[in-house]
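Reproduced below: structure-v2.cif, with mmCIF, C-alpha atoms.
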data_protein
loop_
_atom_site.group_PDB
_atom_site.id
_atom_site.type_symbol
_atom_site.label_atom_id
_atom_site.label_comp_id
_atom_site.auth_asym_id
_atom_site.auth_seq_id
_atom_site.Cartn_x
_atom_site.Cartn_y
_atom_site.Cartn_z
ATOM 1 C CA ALA A 163 -0.663 35.635 -16.847
ATOM 2 C CA CYS A 164 -0.665 34.193 -13.328
ATOM 3 C CA PHE A 165 -4.406 34.787 -13.081
ATOM 4 C CA PHE A 166 -5.098 32.806 -16.251
ATOM 5 C CA LEU A 167 -2.769 30.026 -15.097
ATOM 6 C CA PHE A 168 -4.544 29.930 -11.751
ATOM 7 C CA LEU A 169 -7.932 29.812 -13.488
ATOM 8 C CA TYR A 170 -6.794 27.083 -15.883
ATOM 9 C CA GLY A 171 -5.185 25.008 -13.130
ATOM 10 C CA GLY A 172 -8.189 25.436 -10.855
ATOM 11 C CA THR A 173 -10.526 24.251 -13.607
ATOM 12 C CA ILE A 174 -8.420 21.134 -14.243
ATOM 13 C CA TYR A 175 -8.159 20.400 -10.524
ATOM 14 C CA VAL A 176 -11.897 20.708 -9.809
ATOM 15 C CA ARG A 177 -12.831 18.689 -12.895
ATOM 16 C CA SER A 178 -10.384 15.881 -12.067
ATOM 17 C CA ILE A 179 -11.410 15.673 -8.416
ATOM 18 C CA ALA A 180 -15.103 15.503 -9.361
ATOM 19 C CA LEU A 181 -14.473 12.872 -12.040
ATOM 20 C CA PHE A 182 -12.246 10.617 -9.942
ATOM 21 C CA TYR A 183 -14.537 10.840 -6.914
ATOM 22 C CA LYS A 184 -17.689 10.082 -8.904
ATOM 23 C CA TRP A 185 -16.333 7.144 -10.887
ATOM 24 C CA HIS A 186 -14.201 5.710 -8.090
ATOM 25 C CA ASP A 187 -17.411 5.329 -6.106
ATOM 26 C CA LYS A 188 -19.245 3.707 -9.035
ATOM 27 C CA PHE A 189 -16.441 1.238 -9.823
ATOM 28 C CA GLU A 190 -16.120 0.316 -6.164
ATOM 29 C CA LYS A 191 -19.848 -0.499 -5.925
ATOM 30 C CA LEU A 192 -19.728 -2.547 -9.124
ATOM 31 C CA ASN A 193 -16.674 -4.472 -7.899
ATOM 32 C CA ASN A 194 -18.329 -5.212 -4.557
ATOM 33 C CA LYS A 195 -21.245 -6.900 -6.329
ATOM 34 C CA GLU A 196 -19.155 -8.527 -9.070
ATOM 35 C CA ASP A 197 -20.669 -12.022 -8.606
ATOM 36 C CA SER A 198 -24.218 -10.680 -8.516
ATOM 37 C CA LEU A 199 -23.807 -8.029 -11.224
ATOM 38 C CA THR A 200 -26.725 -8.263 -13.644
ATOM 39 C CA GLU A 201 -26.677 -7.620 -17.371
ATOM 40 C CA GLU A 202 -29.061 -4.711 -16.857
ATOM 41 C CA GLU A 203 -26.715 -3.045 -14.354
ATOM 42 C CA LEU A 204 -23.771 -3.485 -16.715
ATOM 43 C CA THR A 205 -25.808 -2.017 -19.581
ATOM 44 C CA ASP A 206 -26.729 0.982 -17.419
ATOM 45 C CA PHE A 207 -23.073 1.473 -16.541
ATOM 46 C CA GLU A 208 -21.971 1.348 -20.177
ATOM 47 C CA LEU A 209 -24.678 3.820 -21.156
ATOM 48 C CA GLU A 210 -23.557 6.261 -18.473
ATOM 49 C CA ALA A 211 -19.892 5.688 -19.323
ATOM 50 C CA SER A 212 -20.561 6.461 -22.998
ATOM 51 C CA GLU A 213 -21.771 9.937 -21.981
ATOM 52 C CA ASP A 214 -18.477 10.735 -20.234
ATOM 53 C CA HIS A 215 -15.662 11.317 -22.732
ATOM 54 C CA PHE A 216 -12.903 10.413 -20.257
ATOM 55 C CA ILE A 217 -14.438 7.118 -19.114
ATOM 56 C CA ASN A 218 -15.686 6.223 -22.579
ATOM 57 C CA LEU A 219 -12.187 6.603 -24.014
ATOM 58 C CA ILE A 220 -10.672 4.297 -21.390
ATOM 59 C CA SER A 221 -13.491 1.758 -21.622
ATOM 60 C CA SER A 222 -13.388 1.667 -25.435
ATOM 61 C CA ARG A 223 -9.636 1.103 -25.412
ATOM 62 C CA ILE A 224 -9.952 -1.847 -23.033
ATOM 63 C CA LYS A 225 -12.826 -3.359 -25.040
ATOM 64 C CA GLU A 226 -10.965 -3.022 -28.326
ATOM 65 C CA ILE A 227 -7.824 -4.734 -27.024
ATOM 66 C CA SER A 228 -9.892 -7.425 -25.263
ATOM 67 C CA LYS A 229 -11.451 -8.439 -28.575
ATOM 68 C CA ARG A 230 -8.011 -9.247 -29.976
ATOM 69 C CA ALA A 231 -6.277 -10.739 -26.927
ATOM 70 C CA ARG A 232 -6.668 -14.108 -25.234
ATOM 71 C CA GLU A 233 -6.635 -12.300 -21.895
ATOM 72 C CA LEU A 234 -5.228 -9.156 -20.296
ATOM 73 C CA SER A 235 -3.124 -9.058 -17.165
ATOM 74 C CA VAL A 236 -3.368 -6.306 -14.567
ATOM 75 C CA ASP A 237 -0.108 -4.801 -15.801
ATOM 76 C CA GLU A 238 -1.341 -4.794 -19.399
ATOM 77 C CA ILE A 239 -4.568 -3.056 -18.430
ATOM 78 C CA LYS A 240 -2.585 -0.562 -16.388
ATOM 79 C CA GLU A 241 -0.437 0.263 -19.419
ATOM 80 C CA LEU A 242 -3.585 0.845 -21.476
ATOM 81 C CA VAL A 243 -5.184 3.294 -19.058
ATOM 82 C CA ASP A 244 -2.268 5.042 -17.320
ATOM 83 C CA GLU A 245 -1.670 7.629 -20.043
ATOM 84 C CA GLN A 246 -5.261 8.833 -19.864
ATOM 85 C CA ILE A 247 -5.542 8.637 -16.070
ATOM 86 C CA TYR A 248 -2.348 10.630 -15.462
ATOM 87 C CA LYS A 249 -3.359 13.343 -17.939
ATOM 88 C CA TYR A 250 -4.797 15.659 -15.274
ATOM 89 C CA GLU A 251 -1.787 15.337 -12.976
ATOM 90 C CA ASN A 252 0.612 15.939 -15.846
ATOM 91 C CA ASN A 253 -1.297 19.069 -16.866
ATOM 92 C CA LEU A 254 -1.253 20.410 -13.306
ATOM 93 C CA THR A 255 2.462 19.697 -13.023
ATOM 94 C CA GLY A 256 2.887 21.781 -16.169
ATOM 95 C CA VAL A 257 0.857 24.580 -14.571
ATOM 96 C CA ALA A 258 3.050 24.466 -11.437
ATOM 97 C CA ASN A 259 6.177 24.801 -13.571
ATOM 98 C CA ALA A 260 4.591 27.590 -15.611
ATOM 99 C CA PHE A 261 3.949 29.625 -12.429
ATOM 100 C CA ILE A 262 7.673 29.659 -11.657
ATOM 101 C CA ILE A 263 8.624 30.453 -15.255
ATOM 102 C CA VAL A 264 6.187 33.373 -15.424
ATOM 103 C CA GLY A 265 7.376 34.697 -12.059
ATOM 104 C CA VAL A 266 11.035 34.589 -13.098
ATOM 105 C CA LEU A 267 10.213 36.111 -16.477
ATOM 106 C CA PHE A 268 8.547 39.142 -14.923
ATOM 107 C CA THR A 269 11.454 39.471 -12.496
ATOM 108 C CA VAL A 270 13.898 39.605 -15.391
ATOM 109 C CA LEU A 271 11.719 42.144 -17.205
ATOM 110 C CA GLY A 272 11.537 44.254 -14.043
ATOM 111 C CA LEU A 273 15.308 44.188 -13.656
ATOM 112 C CA PHE A 274 15.787 45.146 -17.289
ATOM 113 C CA THR A 275 13.363 48.088 -17.175
ATOM 114 C CA GLY A 276 14.861 49.236 -13.883
ATOM 115 C CA LEU A 277 18.411 49.292 -15.235
ATOM 116 C CA VAL A 278 17.551 51.009 -18.508
ATOM 117 C CA GLY A 279 18.671 54.630 -18.399
ATOM 118 C CA LEU A 280 20.310 54.301 -14.988
ATOM 119 C CA GLU A 281 23.765 55.158 -16.344
ATOM 120 C CA GLU A 282 22.547 58.428 -17.839
ATOM 121 C CA ASP A 283 20.799 59.613 -14.709
ATOM 122 C CA PHE A 284 22.535 58.041 -11.718
ATOM 123 C CA ASN A 285 21.360 59.791 -8.564
ATOM 124 C CA ALA A 286 19.624 59.028 -5.303
ATOM 125 C CA THR A 287 16.150 59.320 -6.844
ATOM 126 C CA ALA A 288 17.076 56.945 -9.668
ATOM 127 C CA VAL A 289 18.538 54.448 -7.207
ATOM 128 C CA GLY A 290 15.385 54.664 -5.082
ATOM 129 C CA ASN A 291 13.208 53.983 -8.131
ATOM 130 C CA LEU A 292 15.459 51.082 -9.059
ATOM 131 C CA LEU A 293 15.142 49.518 -5.620
ATOM 132 C CA GLY A 294 11.352 49.906 -5.793
ATOM 133 C CA LYS A 295 11.246 48.151 -9.152
ATOM 134 C CA LEU A 296 13.550 45.408 -7.863
ATOM 135 C CA ARG A 297 11.256 44.757 -4.912
ATOM 136 C CA LEU A 298 8.260 44.560 -7.237
ATOM 137 C CA SER A 299 10.170 42.321 -9.626
ATOM 138 C CA PHE A 300 11.144 39.806 -6.983
ATOM 139 C CA VAL A 301 7.589 39.751 -5.642
ATOM 140 C CA THR A 302 6.451 38.123 -8.914
ATOM 141 C CA THR A 303 8.959 35.311 -8.439
ATOM 142 C CA ILE A 304 7.830 34.818 -4.843
ATOM 143 C CA TRP A 305 4.164 34.640 -5.922
ATOM 144 C CA GLY A 306 5.113 32.257 -8.725
ATOM 145 C CA ILE A 307 6.822 29.958 -6.227
ATOM 146 C CA ILE A 308 3.858 30.168 -3.834
ATOM 147 C CA PHE A 309 1.284 29.312 -6.521
ATOM 148 C CA SER A 310 3.523 26.550 -7.824
ATOM 149 C CA GLY A 311 3.833 25.097 -4.328
ATOM 150 C CA ILE A 312 0.066 25.238 -3.785
ATOM 151 C CA THR A 313 -0.517 23.430 -7.077
ATOM 152 C CA ALA A 314 2.095 20.755 -6.371
ATOM 153 C CA PHE A 315 0.770 20.286 -2.810
ATOM 154 C CA SER A 316 -2.802 19.906 -4.078
ATOM 155 C CA VAL A 317 -1.749 17.315 -6.636
ATOM 156 C CA LYS A 318 0.351 15.272 -4.213
ATOM 157 C CA PHE A 319 -1.942 15.214 -1.190
ATOM 158 C CA THR A 320 -5.448 15.355 -2.684
ATOM 159 C CA LEU A 321 -5.522 14.451 -6.374
ATOM 160 C CA SER A 322 -2.922 11.638 -6.437
ATOM 161 C CA PRO A 323 -4.468 9.571 -3.585
ATOM 162 C CA LEU A 324 -7.903 9.849 -5.194
ATOM 163 C CA ARG A 325 -6.466 8.926 -8.595
ATOM 164 C CA GLU A 326 -4.819 5.838 -7.092
ATOM 165 C CA LYS A 327 -8.143 4.642 -5.677
ATOM 166 C CA PHE A 328 -9.882 5.335 -8.972
ATOM 167 C CA SER A 329 -7.171 3.492 -10.915
ATOM 168 C CA TYR A 330 -7.306 0.472 -8.589
ATOM 169 C CA HIS A 331 -11.078 0.006 -8.885
ATOM 170 C CA LEU A 332 -11.068 0.737 -12.617
ATOM 171 C CA ILE A 333 -8.405 -1.908 -13.321
ATOM 172 C CA LEU A 334 -10.177 -4.403 -11.046
ATOM 173 C CA PHE A 335 -13.462 -3.801 -12.893
ATOM 174 C CA ALA A 336 -11.769 -4.113 -16.273
ATOM 175 C CA LYS A 337 -9.990 -7.343 -15.298
ATOM 176 C CA ASN A 338 -13.033 -9.068 -13.769
ATOM 177 C CA VAL A 339 -15.891 -7.685 -15.880
ATOM 178 C CA LEU A 340 -14.938 -5.938 -19.134
ATOM 179 C CA VAL A 341 -12.213 -8.315 -20.328
ATOM 180 C CA PRO A 342 -14.233 -11.518 -19.702
ATOM 181 C CA LYS A 343 -17.295 -9.998 -21.396
ATOM 182 C CA TYR A 344 -15.618 -8.645 -24.528
ATOM 183 C CA GLY A 345 -12.739 -11.080 -24.841
ATOM 184 C CA VAL A 346 -13.114 -13.742 -27.540
ATOM 185 C CA PRO A 347 -13.441 -17.271 -26.077
ATOM 186 C CA ASP A 348 -10.299 -19.399 -26.320
ATOM 187 C CA ALA A 349 -11.903 -21.979 -28.598
ATOM 188 C CA GLU A 350 -13.028 -19.333 -31.055
ATOM 189 C CA LYS A 351 -9.573 -17.707 -31.039
ATOM 190 C CA ASP A 352 -7.896 -21.085 -31.618
ATOM 191 C CA LEU A 353 -10.281 -21.790 -34.492
ATOM 192 C CA GLY A 354 -9.458 -18.405 -35.980
ATOM 193 C CA LEU A 355 -5.737 -19.160 -35.804
ATOM 194 C CA ILE A 356 -6.287 -22.536 -37.510
ATOM 195 C CA VAL A 357 -8.317 -20.920 -40.305
ATOM 196 C CA LYS A 358 -5.614 -18.284 -40.836
ATOM 197 C CA SER A 359 -2.928 -20.980 -40.901
ATOM 198 C CA ILE A 360 -4.845 -23.067 -43.470
ATOM 199 C CA SER A 361 -5.497 -19.987 -45.588
ATOM 200 C CA LYS A 362 -1.805 -19.062 -45.556
ATOM 201 C CA ALA A 363 -0.756 -22.621 -46.449
ATOM 202 C CA SER A 364 -3.269 -22.659 -49.298
ATOM 203 C CA LYS A 365 -1.882 -19.414 -50.710
ATOM 204 C CA ASP A 366 1.698 -20.684 -50.426
ATOM 205 C CA LEU A 367 0.721 -23.889 -52.225
ATOM 206 C CA GLN A 368 -1.037 -21.927 -54.960
ATOM 207 C CA ASN A 369 2.003 -19.687 -55.450
ATOM 208 C CA ALA A 370 4.288 -22.705 -55.633
ATOM 209 C CA SER A 371 2.004 -24.331 -58.209
ATOM 210 C CA MET A 372 2.032 -21.208 -60.368
ATOM 211 C CA SER A 373 5.831 -21.083 -60.150
ATOM 212 C CA VAL A 374 6.093 -24.681 -61.383
ATOM 213 C CA GLN A 375 3.749 -23.963 -64.281
ATOM 214 C CA ASN A 376 5.814 -20.941 -65.340
ATOM 215 C CA MET A 377 9.023 -22.998 -65.489
#
As structure tokens, how would this structure be written, given the file I've shared?
Amino acid sequence: ACFFLFLYGGTIYVRSIALFYKWHDKFEKLNNKEDSLTEEELTDFELEASEDHFINLISSRIKEISKRARELSVDEIKELVDEQIYKYENNLTGVANAFIIVGVLFTVLGLFTGLVGLEEDFNATAVGNLLGKLRLSFVTTIWGIIFSGITAFSVKFTLSPLREKFSYHLILFAKNVLVPKYGVPDAEKDLGLIVKSISKASKDLQNASMSVQNM
């Protein structure tokens, strides 16, 4: 069980580090040339982003909200992307907790198997076997704690700092590039609100007219 947890956690860790490092670098370069960013470069970025499920999901969410909002603040963008960005860290935190649970579980099982039948055959040999099983049982808890600590340490000191840099440059790119590009201009939004208001008033007037006729 610990082996599979270690394999699963290692896969998540390597994948997240590679993803955050790659796209943090790309977003940083795009932000540095924000004023001189060409339409062709933005198209190339969006094409590459569409091939990455993680980035495409975040980008699509920002674009979709931008089309309906007058503008998005940094905090609003952060709320949109945080759930997806923290997914890897949350999964690794779950793995760290699972290491301890598995270790304690095997310790309990070791204690149970060691105590079974001890009352019927209580002698020096039985006690020696019991102590051997107890040592082995507590070793699983120790290894669980060690693997949990390694996972938590890796998240805190390597993954989290890289995620913070990635998040900063992603939000900056979204605020300065994606939202202005996909957001509906103010005049068009105001016109849409006026049309909706007129349409609603027209329907209310029609309903009132029908009510008068039915009287």
Atom CA of A:Gly311 and atom CA of A:Tyr170, how far apart in Å?
15.8 Å
Nearest to A:Leu298 by atom-to-atom distance, counting all atoms listed in the file, from A:Gly256, A:Thr269, A:Phe274, A:Ser221:
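Among the listed residues, A:Thr269 lies closest to A:Leu298.
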Give me, please, the distance in Å between atom CA of A:Asn252 and atom CA of A:Arg223, quoted to one decimal.
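Between atom CA of A:Asn252 and atom CA of A:Arg223 the gap works out to 20.4 Å.
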I need the output of the PyMOL selection byres ((chain A and resi 271) around 12) for this file as an mmCIF file with C-alpha atoms, keeping the file's coordinate frame; which residues are they?
data_model
loop_
_atom_site.group_PDB
_atom_site.id
_atom_site.type_symbol
_atom_site.label_atom_id
_atom_site.label_comp_id
_atom_site.auth_asym_id
_atom_site.auth_seq_id
_atom_site.Cartn_x
_atom_site.Cartn_y
_atom_site.Cartn_z
ATOM 1 C CA VAL A 264 6.187 33.373 -15.424
ATOM 2 C CA GLY A 265 7.376 34.697 -12.059
ATOM 3 C CA VAL A 266 11.035 34.589 -13.098
ATOM 4 C CA LEU A 267 10.213 36.111 -16.477
ATOM 5 C CA PHE A 268 8.547 39.142 -14.923
ATOM 6 C CA THR A 269 11.454 39.471 -12.496
ATOM 7 C CA VAL A 270 13.898 39.605 -15.391
ATOM 8 C CA GLY A 272 11.537 44.254 -14.043
ATOM 9 C CA LEU A 273 15.308 44.188 -13.656
ATOM 10 C CA PHE A 274 15.787 45.146 -17.289
ATOM 11 C CA THR A 275 13.363 48.088 -17.175
ATOM 12 C CA GLY A 276 14.861 49.236 -13.883
ATOM 13 C CA LEU A 277 18.411 49.292 -15.235
ATOM 14 C CA VAL A 278 17.551 51.009 -18.508
ATOM 15 C CA LYS A 295 11.246 48.151 -9.152
ATOM 16 C CA LEU A 296 13.550 45.408 -7.863
ATOM 17 C CA LEU A 298 8.260 44.560 -7.237
ATOM 18 C CA SER A 299 10.170 42.321 -9.626
ATOM 19 C CA PHE A 300 11.144 39.806 -6.983
ATOM 20 C CA THR A 302 6.451 38.123 -8.914
ATOM 21 C CA THR A 303 8.959 35.311 -8.439
#
I want to know what sits within 9 Å of stretch 201-206 of chain A, based on all atoms listed in the file, with residues of the same chain fewer than 4 positions away left out; could you give that as a PDB file with C-alpha atoms, in the frame of the given file?
ATOM      1  CA  LEU A 192     -19.728  -2.547  -9.124  1.00  0.00           C
ATOM      2  CA  GLU A 210     -23.557   6.261 -18.473  1.00  0.00           C
ATOM      3  CA  ALA A 211     -19.892   5.688 -19.323  1.00  0.00           C
ATOM      4  CA  VAL A 339     -15.891  -7.685 -15.880  1.00  0.00           C
TER       5      VAL A 339
END
Computed gap from atom CA of A:Ile179 to atom CA of A:Glu251 is 10.7 Å
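Non-sequential neighbours of A:Leu332 (distance at most 10 Å, separation of 2 or more positions within a chain, only C-alpha atoms) are Trp185, His186, Lys188, Phe189, Glu190, Leu192, Asn193, Ile217, Ile220, Ser221, Ile239, Lys240, Val243, Glu326, Lys327, Phe328, Ser329, Tyr330, Leu334, Phe335, Ala336 and Lys337 of chain A.
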Extract, using only C-alpha atoms, all DNA, RNA and protein residues at most 7 Å from A:Val257, discarding same-chain residues fewer than 4 positions from it, and format them as a PyMOL selection string.
chain A and resi 167+171+253+261
From the set A:Leu321, A:Asp187, A:Tyr344, A:His215, which residue has the shortest atom-to-atom contact distance to A:Arg230, counting all atoms listed in the file?
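When distances to A:Arg230 are compared using all atoms listed in the file, the smallest one comes from A:Tyr344.
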